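Chemist: Questions regarding the structure given below will be posed in turn.
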Amino acid sequence: MSLVCAISNEVPEHPCVSPVSNQVFERRLIEKYIAENGTDPMNGQPLSEEQLIDIKVSHPIRPKAPSSTSIPAILKSLQDEWDAVMLHSFTLRQQLQTTRQELSHALYQHDAACRVIARLTKEVTAAREALATLKPQAGLVAPQAVPASQPAAVGAGGEPMEISEQVGMTPEIIQKLQDKATVLTTERKKRGKTVPEELVRAEDLSKYRQVASHAGLHSASVPGILALDLCPSDTNKVLTGGADKNVVVFDKSEEQIVATLKGHTKKVTSVIYHPSQDVVFSASPDSTIRVWSVTGGNCVQVVRAHEAAVTGLSLHATGDYLLSSSEDQYWAFSDVQTGRVLTKVTDESAGVALTCAQFHPDGLIFGTGTADSQIKIWDLKERTNVANFPGHSGPVTSIAFSENGYYLATGAQDSSVKLWDLRKLKNFKTIALDNNYEVKSLVFDQSGTYLAVGGTDIRVYICKQWSEVLNFSDHTGLVTGVAFGENARFLTSAGMDRSLKFYSL
């Protein structure tokens, strides 16, 4: 038997009967009617809510709306339900990924904290033992100082790190590094925050277009330019390293090759032009670093600092020392003149390959990138890891210090560029790039006003605002190197399409 409400003519959810008219009503409707009129709607007799009698029935099944009775309407309804489920599933997957990253960071911080606690506990125990030994004696014994030429190197977690050939880091070398840093710091303070008048303004930079392209520098049989640098004293001189194992010096103004330097047995992945001499440096997965004379066109020194592929190269501000990083997990500090490795350090607590290295403008600290997405800051004189910057995911591909020494830009295989404040030791800006964007090269201009990013394409950002002022996608392959000309009067880039390109007004 189906009950029907006398007011709505629909099956009631909460049916009740009026003893005055013996009619069935939906309770909420009859209650509203009684509240307004106080009578039975059927015969007008007085009626109150207390007189209503509830009818006990099983939960009624409402008939489907007419729109859901046809097959197309039912399919549409099912499609809408499926879409809603898929969107909800996508949201849950995103939340899961975020939670996993947060958990990973928390576990890393917990591990680091445990290491520090273990080190401090060990030091407290050692201090107590030393104090217990000294108490019976009448006088205190002065502790033995570690010679300056052989400081004990420790990692961020207090773990000792292996050092080889320490004898080369003499007090004279350390003093030389310190003196140079003092001079550089003084010069930077004199310049202050003023931007050079000759520097190209952002509105002019945004009008840059490709003005030249050269594809014949390296062999076409093994295509690809993997490294790029400009001579700091004459930015018309361009240095490239290729997949064809060659190092090429190119003159931009003459538009011709000055020298092709051959000697590496594997591709050339890092190149540096000496700021004051006609000398260039190159590194390769063949585990060697080579010093070349441009005028002589020959290799004058081979530095064998590593036992695996050399992944990063940086020249000290003195022009006399090279910093290198390698897949053998070591960084090395070598003398350019003698080819001798002065010191070589690894963080044994980490046990991961280094992917890049770069000196801070003052030359007393430097940064290295690792295959496990860490950026490590090192003190060169003490040979200790003084700070770590976690946050990227995937191997770190490039790092660059700004000219003022305050900022560090880093890129990794997570389609982002992170900016770090070295004074506060924290990440203050993350530039999120397109999905699957590969960052291969980061470089600040000589004034520290602009930051160029090379990879899937070329982008130039103005510092402090960190807004994009330029975007080039002229290369048909991955961009592996970018560099600014003097006062940013031009921009140059090299890529896997074997071409060297120049951009300006």
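We name chains A, B, ... following the order of the structure tokens; residues begin at 1 in each chain, and ligands are numbered from 1 as shown.
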Neighbours of Gly224 in chain A within 12 Å (only C-alpha atoms; same-chain residues fewer than 4 positions away dropped), as JSON, numbers by chain?
Modeler: {"A": [215, 216, 217, 218, 219, 220, 228, 240, 241, 242, 243, 244, 245, 246, 267, 268, 269, 475, 476, 477, 478, 479, 480, 481, 494, 495, 496, 497, 498, 499, 500]}
Chemist: Write out the residues from the selection above, keeping N, CA and C atoms, as a PDB file, in the first residue's frame.
Modeler:
ATOM      1  N   ALA A 215      77.341  27.204 -36.091  1.00  0.00           N
ATOM      2  CA  ALA A 215      77.137  25.764 -35.874  1.00  0.00           C
ATOM      3  C   ALA A 215      78.363  24.930 -36.236  1.00  0.00           C
ATOM      4  N   GLY A 216      79.451  25.576 -36.681  1.00  0.00           N
ATOM      5  CA  GLY A 216      80.584  24.786 -37.170  1.00  0.00           C
ATOM      6  C   GLY A 216      81.745  24.664 -36.201  1.00  0.00           C
ATOM      7  N   LEU A 217      81.528  24.998 -34.918  1.00  0.00           N
ATOM      8  CA  LEU A 217      82.645  24.977 -33.966  1.00  0.00           C
ATOM      9  C   LEU A 217      83.084  23.554 -33.631  1.00  0.00           C
ATOM     10  N   HIS A 218      82.112  22.647 -33.509  1.00  0.00           N
ATOM     11  CA  HIS A 218      82.421  21.272 -33.092  1.00  0.00           C
ATOM     12  C   HIS A 218      81.937  20.275 -34.136  1.00  0.00           C
ATOM     13  N   SER A 219      82.429  19.063 -34.013  1.00  0.00           N
ATOM     14  CA  SER A 219      82.148  18.011 -34.983  1.00  0.00           C
ATOM     15  C   SER A 219      80.658  17.707 -35.081  1.00  0.00           C
ATOM     16  N   ALA A 220      80.201  17.457 -36.301  1.00  0.00           N
ATOM     17  CA  ALA A 220      78.796  17.113 -36.520  1.00  0.00           C
ATOM     18  C   ALA A 220      78.530  15.633 -36.274  1.00  0.00           C
ATOM     19  N   LEU A 228      80.297  26.188 -21.692  1.00  0.00           N
ATOM     20  CA  LEU A 228      80.501  27.512 -22.276  1.00  0.00           C
ATOM     21  C   LEU A 228      81.080  28.458 -21.227  1.00  0.00           C
ATOM     22  N   THR A 240      84.320  27.007 -25.599  1.00  0.00           N
ATOM     23  CA  THR A 240      83.303  25.943 -25.570  1.00  0.00           C
ATOM     24  C   THR A 240      83.953  24.576 -25.427  1.00  0.00           C
ATOM     25  N   GLY A 241      83.225  23.651 -24.811  1.00  0.00           N
ATOM     26  CA  GLY A 241      83.645  22.257 -24.710  1.00  0.00           C
ATOM     27  C   GLY A 241      82.583  21.381 -25.335  1.00  0.00           C
ATOM     28  N   GLY A 242      82.996  20.411 -26.143  1.00  0.00           N
ATOM     29  CA  GLY A 242      82.006  19.648 -26.905  1.00  0.00           C
ATOM     30  C   GLY A 242      81.985  18.155 -26.619  1.00  0.00           C
ATOM     31  N   ALA A 243      80.932  17.525 -27.121  1.00  0.00           N
ATOM     32  CA  ALA A 243      80.818  16.064 -27.032  1.00  0.00           C
ATOM     33  C   ALA A 243      81.848  15.379 -27.921  1.00  0.00           C
ATOM     34  N   ASP A 244      82.492  16.167 -28.837  1.00  0.00           N
ATOM     35  CA  ASP A 244      83.515  15.612 -29.731  1.00  0.00           C
ATOM     36  C   ASP A 244      84.904  15.576 -29.085  1.00  0.00           C
ATOM     37  N   LYS A 245      84.976  15.826 -27.734  1.00  0.00           N
ATOM     38  CA  LYS A 245      86.216  15.759 -26.927  1.00  0.00           C
ATOM     39  C   LYS A 245      87.119  16.977 -27.126  1.00  0.00           C
ATOM     40  N   ASN A 246      86.661  17.964 -27.892  1.00  0.00           N
ATOM     41  CA  ASN A 246      87.494  19.132 -28.190  1.00  0.00           C
ATOM     42  C   ASN A 246      87.101  20.351 -27.376  1.00  0.00           C
ATOM     43  N   LYS A 267      84.129  13.242 -23.703  1.00  0.00           N
ATOM     44  CA  LYS A 267      83.508  14.558 -23.920  1.00  0.00           C
ATOM     45  C   LYS A 267      83.976  15.578 -22.883  1.00  0.00           C
ATOM     46  N   VAL A 268      83.935  16.842 -23.245  1.00  0.00           N
ATOM     47  CA  VAL A 268      84.349  17.927 -22.346  1.00  0.00           C
ATOM     48  C   VAL A 268      83.096  18.533 -21.725  1.00  0.00           C
ATOM     49  N   THR A 269      83.016  18.493 -20.373  1.00  0.00           N
ATOM     50  CA  THR A 269      81.782  18.911 -19.691  1.00  0.00           C
ATOM     51  C   THR A 269      81.910  20.223 -18.928  1.00  0.00           C
ATOM     52  N   HIS A 475      67.199  27.630 -29.729  1.00  0.00           N
ATOM     53  CA  HIS A 475      67.926  26.364 -29.862  1.00  0.00           C
ATOM     54  C   HIS A 475      66.943  25.221 -30.144  1.00  0.00           C
ATOM     55  N   THR A 476      67.381  24.293 -30.988  1.00  0.00           N
ATOM     56  CA  THR A 476      66.533  23.125 -31.276  1.00  0.00           C
ATOM     57  C   THR A 476      66.845  21.973 -30.330  1.00  0.00           C
ATOM     58  N   GLY A 477      67.905  22.118 -29.546  1.00  0.00           N
ATOM     59  CA  GLY A 477      68.253  21.105 -28.542  1.00  0.00           C
ATOM     60  C   GLY A 477      68.359  21.748 -27.176  1.00  0.00           C
ATOM     61  N   LEU A 478      68.743  20.952 -26.191  1.00  0.00           N
ATOM     62  CA  LEU A 478      68.883  21.426 -24.816  1.00  0.00           C
ATOM     63  C   LEU A 478      69.996  22.473 -24.730  1.00  0.00           C
ATOM     64  N   VAL A 479      69.748  23.568 -24.015  1.00  0.00           N
ATOM     65  CA  VAL A 479      70.770  24.604 -23.802  1.00  0.00           C
ATOM     66  C   VAL A 479      71.654  24.174 -22.632  1.00  0.00           C
ATOM     67  N   THR A 480      72.963  24.082 -22.868  1.00  0.00           N
ATOM     68  CA  THR A 480      73.878  23.587 -21.828  1.00  0.00           C
ATOM     69  C   THR A 480      74.711  24.690 -21.191  1.00  0.00           C
ATOM     70  N   GLY A 481      74.726  25.883 -21.806  1.00  0.00           N
ATOM     71  CA  GLY A 481      75.511  26.971 -21.226  1.00  0.00           C
ATOM     72  C   GLY A 481      74.991  28.330 -21.646  1.00  0.00           C
ATOM     73  N   ALA A 494      74.985  28.147 -25.707  1.00  0.00           N
ATOM     74  CA  ALA A 494      75.408  26.975 -26.479  1.00  0.00           C
ATOM     75  C   ALA A 494      74.504  25.808 -26.109  1.00  0.00           C
ATOM     76  N   GLY A 495      74.347  24.865 -27.045  1.00  0.00           N
ATOM     77  CA  GLY A 495      73.422  23.774 -26.769  1.00  0.00           C
ATOM     78  C   GLY A 495      73.759  22.493 -27.489  1.00  0.00           C
ATOM     79  N   MET A 496      72.907  21.511 -27.255  1.00  0.00           N
ATOM     80  CA  MET A 496      73.100  20.190 -27.855  1.00  0.00           C
ATOM     81  C   MET A 496      72.822  20.177 -29.359  1.00  0.00           C
ATOM     82  N   ASP A 497      72.297  21.295 -29.898  1.00  0.00           N
ATOM     83  CA  ASP A 497      72.110  21.383 -31.354  1.00  0.00           C
ATOM     84  C   ASP A 497      73.393  21.826 -32.057  1.00  0.00           C
ATOM     85  N   ARG A 498      74.523  21.870 -31.302  1.00  0.00           N
ATOM     86  CA  ARG A 498      75.865  22.145 -31.845  1.00  0.00           C
ATOM     87  C   ARG A 498      76.071  23.619 -32.189  1.00  0.00           C
ATOM     88  N   SER A 499      75.123  24.475 -31.794  1.00  0.00           N
ATOM     89  CA  SER A 499      75.242  25.884 -32.187  1.00  0.00           C
ATOM     90  C   SER A 499      75.616  26.780 -31.016  1.00  0.00           C
ATOM     91  N   LEU A 500      76.363  27.839 -31.352  1.00  0.00           N
ATOM     92  CA  LEU A 500      76.700  28.920 -30.429  1.00  0.00           C
ATOM     93  C   LEU A 500      75.942  30.143 -30.910  1.00  0.00           C
TER      94      LEU A 500
END
Chemist: Considering only C-alpha atoms, return as number ranges by chain whatever protein or nucleic-acid residues lie within 8 Å of range 257-260 of chain A, sequence-local ones (same chain, fewer than 4 positions apart) excluded.
Modeler: A: 217, 246-251, 294-295, 297
Chemist: Please measure the separation of CA of Val17 in chain A and CA of Asp40 in chain A, giving the value in Å to one decimal.
Modeler: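 Between CA of Val17 in chain A and CA of Asp40 in chain A the gap is 10.8 Å.
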Chemist: Residues at most 8 Å from range 309-317 of chain A, counting only C-alpha atoms, excluding those fewer than 3 positions away in the same chain, as a PyMOL selection string?
Modeler: chain A and resi 180+269-272+274+282-289+306+320-328+354-359+361-363
Chemist: Have a look at A:His360, A:Gly369, A:Lys122, A:Leu230 and name the one nearest to Gly405 in chain A; count only C-alpha atoms.
Modeler: A:His360
Chemist: Could you work out how far CA of Asp229 in chain A lies from CA of Asn436 in chain A, giving the answer in Å with one decimal?
Modeler: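 These two atoms are separated by 25.8 Å.
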Chemist: Please report the interatomic distance between CA of Asn37 in chain A and CA of Val4 in chain A in Å with one decimal.
Modeler: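 Going from CA of Asn37 in chain A over to CA of Val4 in chain A, I get 21.8 Å.
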Chemist: Which residue is closest to Asp414 in chain A? Choose from A:Tyr437, A:Phe366, A:Trp292, A:Phe281 and count only C-alpha atoms.
Modeler: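 Closest candidate: A:Tyr437.
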Chemist: Give me, as a ChimeraX atom specification, all polymer residues having an atom no more than 8 Å from range 175-177 of chain A, counting only C-alpha atoms and skipping those fewer than 3 positions away in the same chain.
Modeler: /A:171-172,180-181,318,363-364
Chemist: Counting only C-alpha atoms, which of A:Lys418, A:Asn404, A:Val303, A:Glu203 gets nearest to Arg191 in chain A?
Modeler: A:Asn404
Chemist: Calculated over only C-alpha atoms, which of the candidates A:Glu307, A:Glu10, A:Glu403, A:Glu129 has the smallest distance to Glu187 in chain A?
Modeler: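 Closest to Glu187 in chain A of all the choices is A:Glu403.
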Chemist: List the neighbours of Gly485 in chain A out to 8 Å using only C-alpha atoms; skip same-chain residues closer than 5 positions along the sequence, and give me the result as a list of chain:residue names.
Modeler: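 My reading of the contact set: A:Leu230, A:Thr235, A:Asn236, A:Asp445, A:Phe490, A:Leu491, A:Thr492.
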Chemist: Just the selected residues (C-alpha atoms), exported as a CSV table (one decimal), in the first residue's frame, please.
Modeler:
chain,number,residue,atom,x,y,z
A,230,LEU,CA,83.6,33.9,-21.7
A,235,THR,CA,84.1,38.9,-23.5
A,236,ASN,CA,84.5,38.7,-27.3
A,445,ASP,CA,75.9,38.9,-14.8
A,490,PHE,CA,75.0,40.7,-25.2
A,491,LEU,CA,74.0,37.2,-24.1
A,492,THR,CA,75.5,34.0,-25.5
